[in-house]
Amino acid sequence: MPQELLLQVTPEIAANELLLKEHLSKQLKVSVNEIQHVSILKRSIDARQKTVRINLKVVIYLKGEPFQETKFQIPDYKNVANAQEVIVVGAGPAGLFAALQLIELGLKPIVVERGKEVRGRRRDLKAINVDHIVNEDSNYCFGEGGAGTYSDGKLYTRSKKRGDVTRILELFVAFGATPDILVDAHPHIGTNKLPQIIQDIREKIIEFGGQVLFETRLTDILIKNNEVEGIVTQKGDTILANKLILATGHSARDIYELLDRKEVFIEAKPFALGVRAEHPQSLIDSIQYSCDYRGEHLPPAPYSIVKQVNGRGMYSFCMCPGGVIAPCATSPGEVVTNGWSPSKRDQATANSGIVIELKLEDFKPYAKFGALAGMEFQKSIEQKAWDLAGQTQKAPAQRMIDFTQKRVSSEIPKTSYVPGTTSIEMGQVFPEYLTQILREGFTEFGKSMRGYLTNEAIIHAPESRTSSPVRIPRDLYTYEHLQIKGLYPCGEGAGYAGGIISAAIDGEKCALMIAEALK
Ligand code: FAD
């Protein structure tokens, strides 16, 4: 019988199949030649002790024991060209996985996406980075693949639904992602690999009779007697269907405004907000791995940190080892930061959002906007950052210790944020009570992670698109909107997901609920 083992090995052994077999041969007291194959089931880094070790869960197949490589296949879809139509608005992870699931269930998705196809987006990303021009339909948040396409592609989630998570990861592998994502404790794909996967998903949707319409923005939802009848696009076209998955992401402010105008029930939702901090990756490696040089077998180190300051959580968010800070505004006149990494995470800097959890009471100054109060609060910070940094895509920036000591940095070195930075006192961007939490929080972070609080670290503002500032409420069991029949609020924009995997899971769930309702 193949034997399952838990073991702890050096990074060098974990990275080399032959060394691993040699290690196991000693442990099992068999010759190396006797070991036919070693399958890694789980892999994680243990950096708690002085010497970093890799934890592995493996299955060992000795000669003569049956072994077959697992192949993850794209499901056996049937053509749905003539099936009942369901409109899916948004081609982010929620929308795309909803569309795949609809096909699997024998329904025809019509995917409507305001942005361009995944490769066409690149020109607009260059324009925002280099020319400071924001295309309101095609940017880091909008376009095929959604907000997660040009990202770090981290695929871990706090979701407890392990079966659902595994299903999405296996689908990613079937569509071309490395099988490593199935075993790593903190899997990621990388911004260079995601576009091809996204393109292959779209091609599959079309091959099996679905439709995908790019540069098509939903501008109105046709509703009669509290039931969806279809949608209108910016081209003036009408698409009729009485089931609509609304998966437009957390940055589609026009969608929230539309729903508010139409008196479709939505509510303000707390989110988190702060700055994006950038350190030299080598510094983070030395803190996390307790070493001067991480060597060639360990990946660039991530970090995750959380503190309670003045009764609020302040924590790292969407940390990108070996990554780059990206300009993620979706409208002119605002600055927004976030981060991405290539699959090798081989850039010289590590960046992370460092954010504070907000409460509904923070939005009181914007109470007149009702359900949109949090969104207006978010907008005001992004617009202030734009004004303070010189009304371009340059980001307000400050050295970390200078920030904690309320001192404007005399100069800001070049950071990975391509549009550039303007040195300002960061306290001007945020309300005083949030600035105070950030100052104290960074001091606390420096105590837990020795070396973290340094003037080599540069903070950029703001990190403001952490999750949706609005919830589009739906029934707990049917996933249908509480007031409008046929409307399925979905993914991060509806307030039911945070991250690629949970958005994809939510997309699948909405599709399943629609199939259930149609029975
Ligand atoms: P979105 O991905 O936001 O997709 C919504 C789609 O709807 C967009 O394509 C948009 O163009 C479209 N749309 C909006 N309005 C309309 C309209 N009116 N008509 C038609 N279409 C419309 N998450 C992770 O898990 N790991 C990461 O490493 C990671 N890194 C990130 C890095 C960056 C730079 C950014 C911006 C986000 C990152 N995220 C990451 C977050 C992740 O991308 C989102 O959580 C996820 O994409 C949400 O999926 P979604 O499908 O719900 O919405």
# chains A, B, ... in the order shown; residues from 1 in each chain; ligands from 1

$ residues_near_ligand --ligand "ligand 1" --cutoff "7 Å" --atoms "only C-alpha atoms and all ligand atoms" --output "ChimeraX atom specification"
/A:89-95,112-115,137-138,140-157,216-219,247-252,254-255,318,326,328,338-340,490-493,497-501,503-504

$ closest_atom_pairs --of "region 306-380 of chain A" --to "region 448-467 of chain A" --cutoff "12 Å" --atoms "only C-alpha atoms" --output "tab-separated table"
residue	atom	partner	partner_atom	distance
A:Val306	CA	A:Ser448	CA	9.9
A:Lys307	CA	A:Ser448	CA	9.6
A:Tyr315	CA	A:Thr466	CA	11.6
A:Ser316	CA	A:Glu463	CA	10.8
A:Phe317	CA	A:Thr466	CA	7.9
A:Cys318	CA	A:Thr466	CA	8.6
A:Met319	CA	A:Glu463	CA	11.9
A:Ile325	CA	A:His460	CA	8.9
A:Ala326	CA	A:Glu463	CA	10.5
A:Pro327	CA	A:Glu463	CA	10.2
A:Cys328	CA	A:Arg465	CA	8.6
A:Ala329	CA	A:Arg465	CA	9.3
A:Thr330	CA	A:Arg465	CA	10.5
A:Glu334	CA	A:Pro462	CA	9.8
A:Val335	CA	A:Pro462	CA	7.0
A:Val336	CA	A:Pro462	CA	5.6
A:Thr337	CA	A:Glu463	CA	5.2
A:Asn338	CA	A:Glu463	CA	6.3
A:Gly339	CA	A:Glu463	CA	9.6
A:Thr349	CA	A:Ala457	CA	9.8
A:Ala350	CA	A:Ala457	CA	9.6
A:Asn351	CA	A:Ile459	CA	9.2
A:Ser352	CA	A:Glu463	CA	9.3
A:Gly353	CA	A:Glu463	CA	6.1
A:Ile354	CA	A:Glu463	CA	7.6
A:Val355	CA	A:Glu463	CA	7.2
A:Ile356	CA	A:Glu463	CA	10.0
A:Glu357	CA	A:Thr466	CA	10.0
A:Leu358	CA	A:Ser464	CA	10.9
A:Gly374	CA	A:Ser464	CA	11.0
A:Met375	CA	A:Arg465	CA	10.0
A:Glu376	CA	A:Ser464	CA	11.7
A:Phe377	CA	A:Ser464	CA	10.0
A:Gln378	CA	A:Ser464	CA	6.5
A:Lys379	CA	A:Ser464	CA	8.7
A:Ser380	CA	A:Ser464	CA	10.5

$ atom_distance --atom1 "CA of Asp184 (chain A)" --atom2 "CA of Lys42 (chain A)"
6.0 Å

$ atom_distance --atom1 "CA of Arg43 (chain A)" --atom2 "CA of Val183 (chain A)"
5.7 Å

$ select_by_dssp --residues "region 89-301 of chain A" --states "strand (DSSP E)" --output "number ranges by chain"
A: 89, 108-112, 211-213, 218-224, 227-233, 238-240, 244-246, 267-268, 272-280

$ write_last_selection --atoms "C-alpha atoms" --output "CSV table (one decimal), in the first residue's frame"
chain,number,residue,atom,x,y,z
A,89,VAL,CA,-22.9,41.2,-15.7
A,108,LYS,CA,-26.8,29.8,-21.5
A,109,PRO,CA,-24.8,32.6,-20.0
A,110,ILE,CA,-24.7,36.0,-21.7
A,111,VAL,CA,-21.7,37.7,-20.1
A,112,VAL,CA,-21.8,41.5,-20.3
A,211,GLN,CA,-22.0,34.7,-25.2
A,212,VAL,CA,-19.4,37.2,-24.0
A,213,LEU,CA,-19.9,40.8,-24.9
A,218,LEU,CA,-24.9,47.8,-18.1
A,219,THR,CA,-26.6,51.2,-17.7
A,220,ASP,CA,-30.1,50.2,-16.6
A,221,ILE,CA,-32.0,47.1,-15.3
A,222,LEU,CA,-35.5,46.6,-16.6
A,223,ILE,CA,-37.7,45.9,-13.7
A,224,LYS,CA,-41.5,45.4,-13.7
A,227,GLU,CA,-39.2,41.4,-11.3
A,228,VAL,CA,-36.2,41.6,-13.6
A,229,GLU,CA,-37.0,41.7,-17.3
A,230,GLY,CA,-33.6,42.4,-18.8
A,231,ILE,CA,-30.9,45.1,-19.0
A,232,VAL,CA,-30.0,48.1,-21.2
A,233,THR,CA,-26.4,48.7,-22.2
A,238,THR,CA,-31.7,45.8,-24.6
A,239,ILE,CA,-31.0,42.2,-23.6
A,240,LEU,CA,-34.1,40.4,-22.2
A,244,LEU,CA,-29.6,38.3,-13.8
A,245,ILE,CA,-26.4,37.7,-12.0
A,246,LEU,CA,-25.0,41.0,-11.0
A,267,GLU,CA,-27.2,49.2,2.4
A,268,ALA,CA,-23.9,50.8,3.5
A,272,ALA,CA,-11.2,48.8,5.6
A,273,LEU,CA,-8.9,51.6,4.5
A,274,GLY,CA,-5.3,52.7,5.0
A,275,VAL,CA,-2.0,52.9,3.1
A,276,ARG,CA,0.2,50.6,1.0
A,277,ALA,CA,3.6,50.0,2.6
A,278,GLU,CA,6.7,49.0,0.5
A,279,HIS,CA,9.9,47.5,2.0
A,280,PRO,CA,12.9,46.0,0.3

$ residues_around --residues "region 412-416 of chain A" --least-positions-apart "3" --cutoff "7 Å" --atoms "only C-alpha atoms" --output "number ranges by chain"
A: 324-325, 398, 409, 423
